[in-house]
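S.K.: File follows, work.txt with compact mmCIF, C-alpha atoms and all ligand atoms:
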```txt
# COMPACT_ATOMS: atom_id res chain seq x y z
CA MET A 11 1.36 30.41 43.80
CA GLU A 12 3.57 31.13 46.80
CA LYS A 13 5.09 34.59 47.01
CA ILE A 14 8.78 34.67 46.10
CA ASN A 15 10.99 36.91 48.24
CA ALA A 16 14.53 37.94 47.30
CA VAL A 17 16.94 37.28 50.16
CA ILE A 18 20.60 38.11 50.68
CA THR A 19 22.46 34.83 51.29
CA GLY A 20 26.09 35.97 51.63
CA VAL A 21 28.54 38.87 51.64
CA GLY A 22 32.09 39.33 50.34
CA GLY A 23 34.25 42.42 50.51
CA TYR A 24 37.60 43.93 49.72
CA VAL A 25 39.48 47.09 50.65
CA PRO A 26 43.00 47.87 49.38
CA ASP A 27 45.93 47.57 51.78
CA TYR A 28 47.22 51.12 51.48
CA ILE A 29 45.94 53.36 54.32
CA LEU A 30 45.80 57.11 53.69
CA THR A 31 45.68 58.80 57.11
CA ASN A 32 44.50 62.28 58.11
CA GLU A 33 48.10 63.09 58.99
CA GLU A 34 49.15 62.35 55.44
CA ILE A 35 46.23 64.35 53.97
CA SER A 36 47.27 67.28 56.20
CA LYS A 37 50.59 67.32 54.34
CA MET A 38 48.80 67.53 50.96
CA VAL A 39 46.26 70.29 51.74
CA ASP A 40 45.61 72.88 54.46
CA THR A 41 43.61 70.76 56.91
CA ASN A 42 44.04 68.76 60.11
CA ASP A 43 42.81 65.63 61.87
CA GLU A 44 40.56 67.60 64.23
CA TRP A 45 38.66 69.36 61.39
CA ILE A 46 38.23 66.14 59.43
CA MET A 47 37.07 64.16 62.48
CA THR A 48 34.59 66.78 63.72
CA ARG A 49 33.17 67.89 60.32
CA ILE A 50 33.22 64.51 58.51
CA GLY A 51 34.23 61.69 60.90
CA VAL A 52 36.88 60.00 58.74
CA LYS A 53 40.17 58.92 60.34
CA GLU A 54 41.63 56.99 57.43
CA ARG A 55 40.67 55.60 54.05
CA ARG A 56 41.96 52.80 51.79
CA ILE A 57 43.51 53.65 48.43
CA LEU A 58 44.10 51.32 45.46
CA ASN A 59 47.47 52.77 44.50
CA GLU A 60 48.92 50.01 42.32
CA GLU A 61 49.18 51.20 38.75
CA GLY A 62 46.94 49.51 36.20
CA LEU A 63 44.33 48.34 38.69
CA GLY A 64 40.78 49.69 38.54
CA THR A 65 37.37 49.13 40.09
CA SER A 66 36.95 45.63 38.59
CA TYR A 67 40.02 44.45 40.53
CA MET A 68 38.34 45.24 43.84
CA ALA A 69 34.97 43.95 42.61
CA ARG A 70 36.62 40.67 41.60
CA LYS A 71 38.25 40.23 45.04
CA ALA A 72 34.92 40.88 46.76
CA ALA A 73 32.90 38.62 44.44
CA LYS A 74 35.47 35.78 44.66
CA GLN A 75 35.23 35.84 48.43
CA LEU A 76 31.43 35.84 48.15
CA MET A 77 31.46 32.80 45.83
CA GLN A 78 33.77 30.96 48.22
CA LYS A 79 31.73 31.79 51.31
CA THR A 80 28.46 30.76 49.67
CA GLY A 81 29.98 27.68 47.98
CA SER A 82 28.63 28.90 44.64
CA ASN A 83 29.33 27.20 41.34
CA PRO A 84 30.22 29.79 38.63
CA ASP A 85 27.88 28.01 36.18
CA ASP A 86 24.90 28.70 38.46
CA ILE A 87 25.17 32.51 38.44
CA ASP A 88 22.42 34.07 36.29
CA LEU A 89 23.10 37.77 36.57
CA VAL A 90 25.81 40.21 37.75
CA VAL A 91 25.10 43.89 38.31
CA VAL A 92 27.82 46.34 39.36
CA ALA A 93 26.98 49.77 40.76
CA THR A 94 29.88 52.14 40.17
CA THR A 95 30.67 55.73 39.26
CA THR A 96 34.29 54.84 38.52
CA PRO A 97 34.08 52.05 35.92
CA ASP A 98 37.31 50.59 34.51
CA TYR A 99 36.36 52.05 31.09
CA HIS A 100 33.50 54.08 29.59
CA PHE A 101 32.73 50.80 27.86
CA PRO A 102 32.53 47.85 28.08
CA SER A 103 30.86 47.59 31.46
CA THR A 104 32.82 46.74 34.58
CA ALA A 105 30.26 43.97 35.14
CA SER A 106 31.28 42.29 31.87
CA ILE A 107 34.97 42.41 32.89
CA LEU A 108 33.99 40.95 36.24
CA CYS A 109 32.06 38.11 34.60
CA ASP A 110 35.15 37.14 32.64
CA LYS A 111 37.43 37.27 35.71
CA LEU A 112 35.01 35.09 37.68
CA GLY A 113 34.64 32.57 34.85
CA LEU A 114 30.86 32.95 34.61
CA LYS A 115 29.53 31.25 31.50
CA ASN A 116 25.76 31.43 32.02
CA ALA A 117 25.32 34.96 33.28
CA PHE A 118 24.46 38.27 31.72
CA ALA A 119 25.81 41.45 33.27
CA PHE A 120 25.48 45.20 33.28
CA ASP A 121 26.53 48.29 35.23
CA LEU A 122 24.17 50.52 37.14
CA GLN A 123 24.89 54.20 37.73
CA ALA A 124 23.22 55.83 40.71
CA ALA A 125 26.34 57.27 42.39
CA CYS A 126 26.31 56.79 46.18
CA SER A 127 22.78 55.35 46.10
CA GLY A 128 23.92 52.57 43.77
CA PHE A 129 23.57 49.74 46.27
CA LEU A 130 19.96 50.67 47.10
CA TYR A 131 19.07 50.61 43.41
CA LEU A 132 20.94 47.28 43.08
CA MET A 133 18.90 45.64 45.83
CA GLU A 134 15.64 46.78 44.25
CA THR A 135 16.80 45.63 40.80
CA ALA A 136 17.93 42.21 42.05
CA ALA A 137 14.68 41.76 43.97
CA ALA A 138 12.62 42.42 40.83
CA PHE A 139 14.66 39.94 38.75
CA ILE A 140 14.33 37.27 41.48
CA GLN A 141 10.60 37.88 41.91
CA SER A 142 10.11 37.39 38.16
CA GLY A 143 10.87 33.72 38.88
CA ARG A 144 13.35 33.44 36.01
CA TYR A 145 16.60 34.06 37.94
CA LYS A 146 17.94 32.09 40.89
CA LYS A 147 21.38 33.47 41.76
CA ILE A 148 22.28 37.11 41.34
CA ILE A 149 25.52 38.80 42.37
CA ILE A 150 25.26 42.51 43.06
CA VAL A 151 28.41 44.54 43.66
CA GLY A 152 28.97 48.09 44.91
CA ALA A 153 32.50 49.14 43.93
CA ASP A 154 34.29 52.45 43.53
CA LYS A 155 37.85 53.66 43.12
CA MET A 156 37.06 57.20 44.24
CA SER A 157 40.77 58.07 44.33
CA SER A 158 40.70 57.98 40.51
CA MET A 159 38.60 61.16 40.42
CA VAL A 160 39.46 62.95 43.65
CA ASN A 161 41.53 66.12 43.41
CA TYR A 162 44.19 65.77 46.12
CA THR A 163 44.79 69.54 46.07
CA ASP A 164 41.13 70.30 46.99
CA ARG A 165 40.69 70.24 50.76
CA ALA A 166 36.90 70.42 50.47
CA THR A 167 36.66 66.95 48.91
CA CYS A 168 39.90 64.96 49.27
CA PRO A 169 39.50 63.99 52.95
CA ILE A 170 36.08 62.46 52.34
CA PHE A 171 36.58 59.60 49.90
CA GLY A 172 38.19 56.15 49.78
CA ASP A 173 38.29 53.00 47.62
CA GLY A 174 36.56 49.65 48.20
CA ALA A 175 34.12 47.02 46.97
CA ALA A 176 31.63 44.55 48.40
CA ALA A 177 29.33 41.98 46.85
CA VAL A 178 26.23 40.13 47.99
CA MET A 179 24.35 37.11 46.65
CA VAL A 180 20.59 37.46 46.17
CA GLU A 181 18.43 34.32 45.88
CA PRO A 182 14.73 33.37 46.00
CA THR A 183 12.95 32.16 49.12
CA THR A 184 9.34 31.47 49.99
CA GLU A 185 10.10 32.35 53.63
CA ASP A 186 9.22 35.78 54.97
CA TYR A 187 12.76 37.19 54.73
CA GLY A 188 14.68 39.38 52.32
CA ILE A 189 14.20 42.68 50.52
CA MET A 190 10.75 43.58 51.81
CA ASP A 191 10.04 47.16 50.76
CA SER A 192 11.67 50.26 49.38
CA CYS A 193 11.21 53.88 48.45
CA LEU A 194 13.71 55.15 45.87
CA ARG A 195 13.84 58.64 44.41
CA THR A 196 15.74 60.64 41.75
CA ASP A 197 15.83 64.40 41.18
CA GLY A 198 17.97 65.56 38.25
CA LYS A 199 17.98 69.09 39.61
CA GLY A 200 20.89 67.98 41.78
CA LEU A 201 23.29 68.04 38.82
CA PRO A 202 24.98 71.43 39.52
CA PHE A 203 25.87 70.45 43.08
CA LEU A 204 27.66 67.14 42.55
CA HIS A 205 29.18 66.02 39.25
CA MET A 206 32.25 65.66 37.04
CA LYS A 207 32.40 68.54 34.57
CA ALA A 208 34.10 66.83 31.63
CA GLY A 209 34.81 63.46 30.09
CA GLY A 210 31.26 62.67 29.01
CA SER A 211 29.47 63.37 25.74
CA VAL A 212 28.56 66.97 26.66
CA CYS A 213 32.15 67.92 27.20
CA PRO A 214 34.59 65.28 25.89
CA PRO A 215 38.16 65.22 27.16
CA SER A 216 40.56 67.76 25.67
CA TYR A 217 43.74 69.60 26.66
CA PHE A 218 41.44 72.39 27.89
CA THR A 219 39.46 70.09 30.20
CA VAL A 220 42.62 68.54 31.62
CA ASP A 221 44.34 71.91 32.11
CA ASN A 222 41.27 73.20 33.92
CA LYS A 223 40.96 70.19 36.25
CA MET A 224 37.53 69.26 34.88
CA HIS A 225 37.94 65.51 35.35
CA TYR A 226 37.68 65.61 39.12
CA LEU A 227 34.68 65.18 41.39
CA TYR A 228 33.04 68.56 42.02
CA GLN A 229 30.81 69.04 45.06
CA GLU A 230 29.03 71.95 46.73
CA GLY A 231 29.23 70.28 50.09
CA ARG A 232 26.90 72.48 52.11
CA THR A 233 23.99 72.11 49.65
CA VAL A 234 24.49 68.36 49.28
CA PHE A 235 24.65 68.03 53.07
CA LYS A 236 21.31 69.80 53.51
CA TYR A 237 19.51 67.67 50.91
CA ALA A 238 21.12 64.46 52.20
CA VAL A 239 19.93 65.03 55.78
CA SER A 240 16.35 65.93 54.91
CA ASN A 241 15.79 63.41 52.11
CA MET A 242 17.42 60.43 53.84
CA SER A 243 15.57 61.18 57.09
CA ASP A 244 12.18 61.70 55.41
CA VAL A 245 12.28 58.58 53.26
CA THR A 246 13.59 56.36 56.08
CA ALA A 247 10.89 57.61 58.45
CA HIS A 248 8.28 56.96 55.72
CA ILE A 249 9.40 53.35 55.11
CA ALA A 250 9.63 52.71 58.87
CA GLU A 251 6.09 53.94 59.44
CA LYS A 252 4.69 52.05 56.43
CA ASN A 253 6.15 48.77 57.77
CA ASN A 254 5.31 49.35 61.45
CA LEU A 255 8.98 49.69 62.31
CA THR A 256 9.79 51.71 65.42
CA LYS A 257 12.87 52.35 67.51
CA ASP A 258 12.01 49.15 69.40
CA ASN A 259 11.87 46.72 66.47
CA ILE A 260 14.43 48.28 64.12
CA ASP A 261 17.54 46.15 64.69
CA TRP A 262 19.97 47.97 62.40
CA VAL A 263 20.13 51.16 60.41
CA VAL A 264 22.67 50.91 57.57
CA PRO A 265 23.37 54.44 56.32
CA HIS A 266 25.59 55.68 53.52
CA GLN A 267 28.94 56.59 55.06
CA ALA A 268 29.38 60.15 53.75
CA ASN A 269 29.45 62.20 56.92
CA MET A 270 29.06 61.23 60.60
CA ARG A 271 26.82 64.26 61.14
CA ILE A 272 24.41 63.03 58.44
CA ILE A 273 24.40 59.54 60.01
CA ASP A 274 23.62 61.02 63.45
CA ALA A 275 20.79 63.13 62.01
CA VAL A 276 19.12 60.12 60.36
CA ALA A 277 19.45 58.02 63.55
CA ASN A 278 18.02 60.87 65.66
CA ARG A 279 15.01 61.26 63.38
CA LEU A 280 14.24 57.53 63.83
CA GLU A 281 15.08 57.80 67.56
CA VAL A 282 17.37 54.80 67.07
CA PRO A 283 20.43 54.69 69.39
CA ILE A 284 23.80 54.88 67.64
CA GLU A 285 24.60 51.30 68.85
CA LYS A 286 22.03 50.08 66.33
CA VAL A 287 23.63 51.98 63.44
CA LEU A 288 26.33 50.29 61.36
CA VAL A 289 29.24 52.74 61.07
CA ASN A 290 32.72 52.27 59.57
CA ILE A 291 33.24 55.74 58.09
CA GLN A 292 36.26 56.25 60.39
CA ARG A 293 38.19 53.48 58.61
CA TYR A 294 37.08 53.67 54.98
CA GLY A 295 35.56 57.13 54.39
CA ASN A 296 33.01 57.46 51.61
CA THR A 297 33.49 54.60 49.13
CA SER A 298 30.33 55.65 47.22
CA ALA A 299 28.42 52.57 45.96
CA ALA A 300 30.48 50.33 48.26
CA THR A 301 29.58 51.90 51.64
CA LEU A 302 26.40 49.90 52.34
CA PRO A 303 27.69 46.42 51.41
CA LEU A 304 31.02 47.14 53.16
CA CYS A 305 28.99 47.73 56.34
CA LEU A 306 27.39 44.31 55.85
CA TRP A 307 30.83 42.78 55.30
CA ASP A 308 32.29 44.41 58.43
CA PHE A 309 29.36 43.66 60.73
CA GLU A 310 28.05 40.39 59.23
CA LYS A 311 28.87 38.50 62.43
CA LYS A 312 26.43 40.59 64.44
CA LEU A 313 23.47 40.07 62.13
CA LYS A 314 20.77 37.55 63.05
CA LYS A 315 18.08 35.87 60.98
CA GLY A 316 14.96 38.03 61.12
CA ASP A 317 16.74 41.30 62.00
CA ASN A 318 14.89 44.35 60.68
CA MET A 319 17.32 46.54 58.75
CA LEU A 320 16.83 49.91 57.09
CA PHE A 321 19.38 50.83 54.42
CA THR A 322 19.51 54.45 53.31
CA ALA A 323 21.74 56.58 51.06
CA PHE A 324 21.98 59.83 49.15
CA GLY A 325 24.14 60.67 46.15
CA ALA A 326 24.74 62.54 42.93
CA GLY A 327 21.76 62.99 40.65
CA PHE A 328 20.34 63.57 43.18
CA THR A 329 19.51 59.96 44.00
CA TRP A 330 18.32 58.66 47.35
CA GLY A 331 16.10 56.19 49.10
CA THR A 332 15.54 53.56 51.76
CA VAL A 333 15.33 49.78 51.47
CA TYR A 334 13.81 47.62 54.22
CA VAL A 335 15.48 44.20 54.55
CA LYS A 336 14.57 41.35 56.87
CA TRP A 337 17.96 39.64 57.24
CA GLY A 338 18.03 36.02 56.13
CA TYR A 339 20.73 34.18 58.12
CA ASP A 340 22.69 34.18 61.36
CA GLY A 341 26.01 36.04 61.15
CA ALA A 342 29.11 34.48 59.61
CA GLU A 343 32.83 35.15 59.92
CA LYS A 344 34.44 37.43 57.31
O1 LIG B 1 28.26 60.85 49.07
C1 LIG B 1 27.57 61.74 48.25
C2 LIG B 1 26.86 62.74 49.05
N1 LIG B 1 27.79 63.65 49.68
C3 LIG B 1 27.61 64.04 50.92
O2 LIG B 1 26.71 63.61 51.58
C4 LIG B 1 28.53 65.13 51.43
C5 LIG B 1 27.71 66.22 52.09
N2 LIG B 1 28.52 67.34 52.56
C6 LIG B 1 29.37 67.25 53.58
O3 LIG B 1 29.59 66.19 54.13
C7 LIG B 1 29.98 68.51 54.12
O4 LIG B 1 29.34 69.63 53.52
C8 LIG B 1 31.52 68.62 53.87
C9 LIG B 1 32.22 67.61 54.75
C10 LIG B 1 31.83 68.40 52.42
C11 LIG B 1 31.99 70.00 54.31
O5 LIG B 1 31.61 70.30 55.64
P1 LIG B 1 30.87 71.66 55.99
O6 LIG B 1 30.69 71.67 57.43
O7 LIG B 1 29.65 71.74 55.14
O8 LIG B 1 31.96 72.73 55.60
P2 LIG B 1 31.83 73.97 54.62
O9 LIG B 1 31.98 73.52 53.21
O10 LIG B 1 30.62 74.77 54.99
O11 LIG B 1 33.11 74.78 55.04
C12 LIG B 1 33.23 75.36 56.36
C13 LIG B 1 34.62 75.98 56.48
C14 LIG B 1 34.99 76.84 55.27
O12 LIG B 1 35.75 77.93 55.76
P3 LIG B 1 35.07 79.39 55.98
O13 LIG B 1 34.53 79.77 54.62
O14 LIG B 1 34.00 79.16 57.01
O15 LIG B 1 36.23 80.21 56.46
C15 LIG B 1 35.88 75.95 54.45
O16 LIG B 1 36.82 76.66 53.68
O17 LIG B 1 35.59 74.93 56.54
C16 LIG B 1 36.59 75.15 55.53
N3 LIG B 1 37.08 73.85 55.08
C17 LIG B 1 38.08 73.20 55.67
N4 LIG B 1 38.86 73.54 56.72
C18 LIG B 1 39.81 72.64 57.08
C19 LIG B 1 36.59 73.10 54.05
N5 LIG B 1 37.30 71.96 53.97
C20 LIG B 1 38.23 72.00 54.96
C21 LIG B 1 39.25 71.12 55.39
N6 LIG B 1 40.01 71.48 56.45
N7 LIG B 1 39.46 69.91 54.79
```
Now, as a test, write the supplied structure out as C-alpha cells.
M.R.:
Amino acid sequence: MEKINAVITGVGGYVPDYILTNEEISKMVDTNDEWIMTRIGVKERRILNEEGLGTSYMARKAAKQLMQKTGSNPDDIDLVVVATTTPDYHFPSTASILCDKLGLKNAFAFDLQAACSGFLYLMETAAAFIQSGRYKKIIIVGADKMSSMVNYTDRATCPIFGDGAAAVMVEPTTEDYGIMDSCLRTDGKGLPFLHMKAGGSVCPPSYFTVDNKMHYLYQEGRTVFKYAVSNMSDVTAHIAEKNNLTKDNIDWVVPHQANMRIIDAVANRLEVPIEKVLVNIQRYGNTSAATLPLCLWDFEKKLKKGDNMLFTAFGAGFTWGTVYVKWGYDGAEK
C-alpha cells in the first residue's frame, strides 16, 4: 500500500478590526513604545472588543474563509479540532459551536489544549487521523481571545498578547509533501510559571478569586523566556538534523510569535537568516494558538510547493516542539 501523507491544502484567517497600539497601552500602565519594541517586539495587537463575541466568532470567520478558498462542501468535512486556551465556555467545546456555525453535518469535533503550542499538536493530531486512512478532510483551527484573560493593569503581561484565529485544511496525498516529521514535548513542571490561578476545578470561581484577580493570565516572564529559548532551539535543531535540513535547504522557519528576542535566538541557532523567518509579531502580538497559522495566512503568497518549513512553539504546561512540513502548493492570495 502507498504511504499516505497529510498535507495542508489551504489557509484562512481572521483578526479583529480594533487595533490596540503601544501608545494606548502606555496610557493604561507605566510603559512605553521603546521598552515594548526592544524587549518584546510588538507594535500593535488586535482586540475583539464587541460584547458577546468569543473565540468561536474568530474561528468561524477564519474557517469560513478557508472553506471558500478551498471550495469545500460542508458535507465533506470529517473532523474539526480547535486549539484554544480561551474557549467560549468551559463546555461544550468551541469546536462543537464552530461545527454548528459552519453547518457541518458529517463531522465530529473537539478542542485541544496545549496553550501556545496548540497548533503544533493540532498538525500532529490531524496527520495521525489522515494517515489512519479513515478521514479525508480535516479542519484545524488555532484561535484565542487573549484579551479575555489579560490584566490590563499588569505591565509585565498586557503589552504581549492579542486576539486572532486561523484555520487550515489537512487532506491525504500519496505525493511526498505535507507534515513529514515532528518532535513534541510536555513538562508539567512548568505549571508555577505560566497559568491561571482560579476558575478550574482546583479553585472554582468565587468572590475571593475575583477580588484577588485570580482569573487573569499569570506569567513569570524571565523563567518562561529562558525555557522557551533553550527548548525551542534544541528541538528545532534536532528535527533539522534528523531530516538533513540545513541553513541552505530550510526555506522557512515559522516560530511562535511571543518575543522577537526568542525568534532571533531560534533563527541564530539554526544559522537561518531572518529573511527566511515568518514574523508578524509587530502587528498581532502573541495570539497563543493562532500565531503559527496566522503566519501562514499572512505569508501564504510567498510559499512554494516543496518548501521546507520548520514550525516551532513553546507555551504553558510547559509544552513545546517542532513540526517539519514540506509545503504542498504554490502561494495563493489571502
Ligand atoms: O507564549 C507563551 C510563552 N511566553 C513567552 O515566551 C514569554 C517569555 N518571556 C518574555 O517574553 C519576557 O520575559 C517578557 C517580555 C515577559 C519580559 O521581558 P524581560 O526582559 O524578561 O523583562 P523582566 O521581566 O526581566 O523585567 C525587566 C525590567 C523590570 O524592572 P527592574 O526590576 O529591572 O527594575 C520590570 O519591572 O523591566 C520592567 N518591566 C517593564 N518596564 C517597562 C516589565 N514590564 C515592563 C513594561 N514596561 N511593560
S.K.: Could you list, as a ChimeraX atom specification, every residue within 8 Å of stretch 84-94 of chain A, counting only C-alpha atoms and ignoring same-chain residues fewer than 4 positions away?
M.R.: /A:77,104-105,109,112-125,128-129,132,145-154,298-299
S.K.: As a VMD selection string, please: the residues near stretch 225-241 of chain A (cut-off 10 Å, only C-alpha atoms, same-chain neighbours under 2 positions excluded).
M.R.: chain A and resid 156 to 162 164 166 to 168 195 200 to 210 215 219 to 223 243 to 247 266 268 to 269 271 to 276 279 322 to 326 328 to 332
S.K.: Could you take the residues named above and write them with C-alpha atoms, as a short mmCIF file (atom, residue, chain, number, x, y, z; two decimals), in the frame of the given file?
M.R.:
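Final output, saved to part-v3.cif:
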```cif
data_model
loop_
_atom_site.label_atom_id
_atom_site.label_comp_id
_atom_site.auth_asym_id
_atom_site.auth_seq_id
_atom_site.Cartn_x
_atom_site.Cartn_y
_atom_site.Cartn_z
CA MET A 156 37.06 57.20 44.24
CA SER A 157 40.77 58.07 44.33
CA SER A 158 40.70 57.98 40.51
CA MET A 159 38.60 61.16 40.42
CA VAL A 160 39.46 62.95 43.65
CA ASN A 161 41.53 66.12 43.41
CA TYR A 162 44.19 65.77 46.12
CA ASP A 164 41.13 70.30 46.99
CA ALA A 166 36.90 70.42 50.47
CA THR A 167 36.66 66.95 48.91
CA CYS A 168 39.90 64.96 49.27
CA ARG A 195 13.84 58.64 44.41
CA GLY A 200 20.89 67.98 41.78
CA LEU A 201 23.29 68.04 38.82
CA PRO A 202 24.98 71.43 39.52
CA PHE A 203 25.87 70.45 43.08
CA LEU A 204 27.66 67.14 42.55
CA HIS A 205 29.18 66.02 39.25
CA MET A 206 32.25 65.66 37.04
CA LYS A 207 32.40 68.54 34.57
CA ALA A 208 34.10 66.83 31.63
CA GLY A 209 34.81 63.46 30.09
CA GLY A 210 31.26 62.67 29.01
CA PRO A 215 38.16 65.22 27.16
CA THR A 219 39.46 70.09 30.20
CA VAL A 220 42.62 68.54 31.62
CA ASP A 221 44.34 71.91 32.11
CA ASN A 222 41.27 73.20 33.92
CA LYS A 223 40.96 70.19 36.25
CA SER A 243 15.57 61.18 57.09
CA ASP A 244 12.18 61.70 55.41
CA VAL A 245 12.28 58.58 53.26
CA THR A 246 13.59 56.36 56.08
CA ALA A 247 10.89 57.61 58.45
CA HIS A 266 25.59 55.68 53.52
CA ALA A 268 29.38 60.15 53.75
CA ASN A 269 29.45 62.20 56.92
CA ARG A 271 26.82 64.26 61.14
CA ILE A 272 24.41 63.03 58.44
CA ILE A 273 24.40 59.54 60.01
CA ASP A 274 23.62 61.02 63.45
CA ALA A 275 20.79 63.13 62.01
CA VAL A 276 19.12 60.12 60.36
CA ARG A 279 15.01 61.26 63.38
CA THR A 322 19.51 54.45 53.31
CA ALA A 323 21.74 56.58 51.06
CA PHE A 324 21.98 59.83 49.15
CA GLY A 325 24.14 60.67 46.15
CA ALA A 326 24.74 62.54 42.93
CA PHE A 328 20.34 63.57 43.18
CA THR A 329 19.51 59.96 44.00
CA TRP A 330 18.32 58.66 47.35
CA GLY A 331 16.10 56.19 49.10
CA THR A 332 15.54 53.56 51.76
#
```
S.K.: Give me, please, the distance in Å between atom CA of A:Asn15 and atom CA of A:Thr301, quoted to one decimal.
M.R.: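 Atom-to-atom, atom CA of A:Asn15 to atom CA of A:Thr301, that is 24.1 Å.
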S.K.: Could you please determine the separation between atom CA of A:Tyr67 and atom CA of A:Pro169 in Å, to one decimal place?
M.R.: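 Between these atoms lies a distance of 23.2 Å.
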S.K.: What is the distance between atom CA of A:Gly143 and atom CA of A:Ile107, in Å to one decimal?
M.R.: 26.3 Å
S.K.: Please report, as lines of an AutoDock Vina configuration file, the centre and edge lengths in Å to one decimal of an axis-aligned box covering all listed atoms of ligand LIG 1 (chain B) with 3 Å per side.
M.R.:
```
center_x = 33.4
center_y = 70.5
center_z = 52.8
size_x = 19.3
size_y = 25.4
size_z = 15.2
```
S.K.: Using only C-alpha atoms for the distances, tell me which of A:Thr31, A:Ser36, A:Thr183, A:Thr80 is nearest to A:Glu12.
M.R.: A:Thr183
S.K.: Would you please work out which residue, of A:Gly316, A:Gly172, A:Gly338, A:Pro283, is nearest to ligand LIG 1 (chain B) when using all atoms listed in the file?
M.R.: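 For ligand LIG 1 (chain B), the nearest of the candidates is A:Gly172.
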S.K.: I want to know what sits within 12 Å of A:Leu255, based on all atoms listed in the file, with residues of the same chain fewer than 4 positions away left out; could you give that as a PDB file with C-alpha atoms, in the coordinates of the input?
M.R.:
```pdb
ATOM      1  CA  ASP A 191      10.040  47.160  50.760  1.00  0.00           C
ATOM      2  CA  THR A 246      13.590  56.360  56.080  1.00  0.00           C
ATOM      3  CA  ALA A 247      10.890  57.610  58.450  1.00  0.00           C
ATOM      4  CA  HIS A 248       8.280  56.960  55.720  1.00  0.00           C
ATOM      5  CA  ILE A 249       9.400  53.350  55.110  1.00  0.00           C
ATOM      6  CA  ALA A 250       9.630  52.710  58.870  1.00  0.00           C
ATOM      7  CA  GLU A 251       6.090  53.940  59.440  1.00  0.00           C
ATOM      8  CA  ASN A 259      11.870  46.720  66.470  1.00  0.00           C
ATOM      9  CA  ILE A 260      14.430  48.280  64.120  1.00  0.00           C
ATOM     10  CA  ASP A 261      17.540  46.150  64.690  1.00  0.00           C
ATOM     11  CA  TRP A 262      19.970  47.970  62.400  1.00  0.00           C
ATOM     12  CA  VAL A 263      20.130  51.160  60.410  1.00  0.00           C
ATOM     13  CA  LEU A 280      14.240  57.530  63.830  1.00  0.00           C
ATOM     14  CA  GLU A 281      15.080  57.800  67.560  1.00  0.00           C
ATOM     15  CA  VAL A 282      17.370  54.800  67.070  1.00  0.00           C
ATOM     16  CA  ASP A 317      16.740  41.300  62.000  1.00  0.00           C
ATOM     17  CA  ASN A 318      14.890  44.350  60.680  1.00  0.00           C
ATOM     18  CA  MET A 319      17.320  46.540  58.750  1.00  0.00           C
ATOM     19  CA  LEU A 320      16.830  49.910  57.090  1.00  0.00           C
ATOM     20  CA  TYR A 334      13.810  47.620  54.220  1.00  0.00           C
ATOM     21  CA  VAL A 335      15.480  44.200  54.550  1.00  0.00           C
ATOM     22  CA  LYS A 336      14.570  41.350  56.870  1.00  0.00           C
TER      23      LYS A 336
END
```
S.K.: Rank A:Lys286, A:Arg165, A:Lys53, A:Lys312 by their smallest atom-to-atom distance to ligand LIG 1 (chain B), using all atoms listed in the file, and report the top residue only.
M.R.: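 Checking each candidate against ligand LIG 1 (chain B), we get A:Arg165 as the closest.
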S.K.: Using only C-alpha atoms, which residues sit within 6 Å of A:Phe171 once same-chain residues fewer than 3 positions away are excluded, as a PDB file with C-alpha atoms, in the frame of the given file?
M.R.:
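This is the output file selection_26.pdb:
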```pdb
ATOM      1  CA  GLY A 295      35.560  57.130  54.390  1.00  0.00           C
ATOM      2  CA  ASN A 296      33.010  57.460  51.610  1.00  0.00           C
ATOM      3  CA  THR A 297      33.490  54.600  49.130  1.00  0.00           C
TER       4      THR A 297
END
```
S.K.: If we count all atoms listed in the file, what is near A:Arg144 at a cut-off of 12 Å, once residues fewer than 5 positions away on the same chain are taken out, given as an mmCIF file with C-alpha atoms, keeping the file's coordinate frame?
M.R.:
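Contents of result.cif, freshly written:
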```cif
data_model
loop_
_atom_site.group_PDB
_atom_site.id
_atom_site.type_symbol
_atom_site.label_atom_id
_atom_site.label_comp_id
_atom_site.auth_asym_id
_atom_site.auth_seq_id
_atom_site.Cartn_x
_atom_site.Cartn_y
_atom_site.Cartn_z
ATOM 1 C CA ILE A 14 8.780 34.670 46.100
ATOM 2 C CA ASP A 88 22.420 34.070 36.290
ATOM 3 C CA LEU A 89 23.100 37.770 36.570
ATOM 4 C CA ALA A 136 17.930 42.210 42.050
ATOM 5 C CA ALA A 137 14.680 41.760 43.970
ATOM 6 C CA ALA A 138 12.620 42.420 40.830
ATOM 7 C CA PHE A 139 14.660 39.940 38.750
ATOM 8 C CA GLU A 181 18.430 34.320 45.880
ATOM 9 C CA PRO A 182 14.730 33.370 46.000
#
```
S.K.: Between A:Met11, A:Ile18, A:Val25, A:Ile170, single out the one closest to ligand LIG 1 (chain B), counting all atoms listed in the file.
M.R.: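 Nearest candidate to ligand LIG 1 (chain B) out of A:Met11, A:Ile18, A:Val25, A:Ile170: A:Ile170.
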S.K.: With distances taken over all atoms listed in the file, which of A:Asn32, A:Thr41, A:Thr163, A:Thr48 is nearest to ligand LIG 1 (chain B)?
M.R.: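 Closest candidate: A:Thr41.
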S.K.: So which one's closest to ligand LIG 1 (chain B), A:Ala300, A:Asp110, A:Gly81, A:Val289? Using all atoms listed in the file, please.
M.R.: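 For ligand LIG 1 (chain B), the nearest of the candidates is A:Ala300.
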S.K.: Could you pull stretch 201-206 of chain A out of the block above and save it with N, CA and C atoms, as an mmCIF file, in the first residue's frame?
M.R.:
```cif
data_model
loop_
_atom_site.group_PDB
_atom_site.id
_atom_site.type_symbol
_atom_site.label_atom_id
_atom_site.label_comp_id
_atom_site.auth_asym_id
_atom_site.auth_seq_id
_atom_site.Cartn_x
_atom_site.Cartn_y
_atom_site.Cartn_z
ATOM 1 N N LEU A 201 4.054 24.397 35.361
ATOM 2 C CA LEU A 201 2.816 24.981 35.914
ATOM 3 C C LEU A 201 3.006 26.275 36.703
ATOM 4 N N PRO A 202 3.939 26.348 37.687
ATOM 5 C CA PRO A 202 4.003 27.564 38.509
ATOM 6 C C PRO A 202 4.342 28.829 37.719
ATOM 7 N N PHE A 203 4.945 28.661 36.553
ATOM 8 C CA PHE A 203 5.484 29.824 35.845
ATOM 9 C C PHE A 203 4.525 30.461 34.854
ATOM 10 N N LEU A 204 3.478 29.732 34.474
ATOM 11 C CA LEU A 204 2.541 30.258 33.472
ATOM 12 C C LEU A 204 1.201 29.550 33.623
ATOM 13 N N HIS A 205 0.209 30.268 34.149
ATOM 14 C CA HIS A 205 -1.086 29.621 34.413
ATOM 15 C C HIS A 205 -2.153 30.675 34.772
ATOM 16 N N MET A 206 -3.387 30.178 34.943
ATOM 17 C CA MET A 206 -4.447 30.999 35.519
ATOM 18 C C MET A 206 -4.786 30.366 36.871
#
```
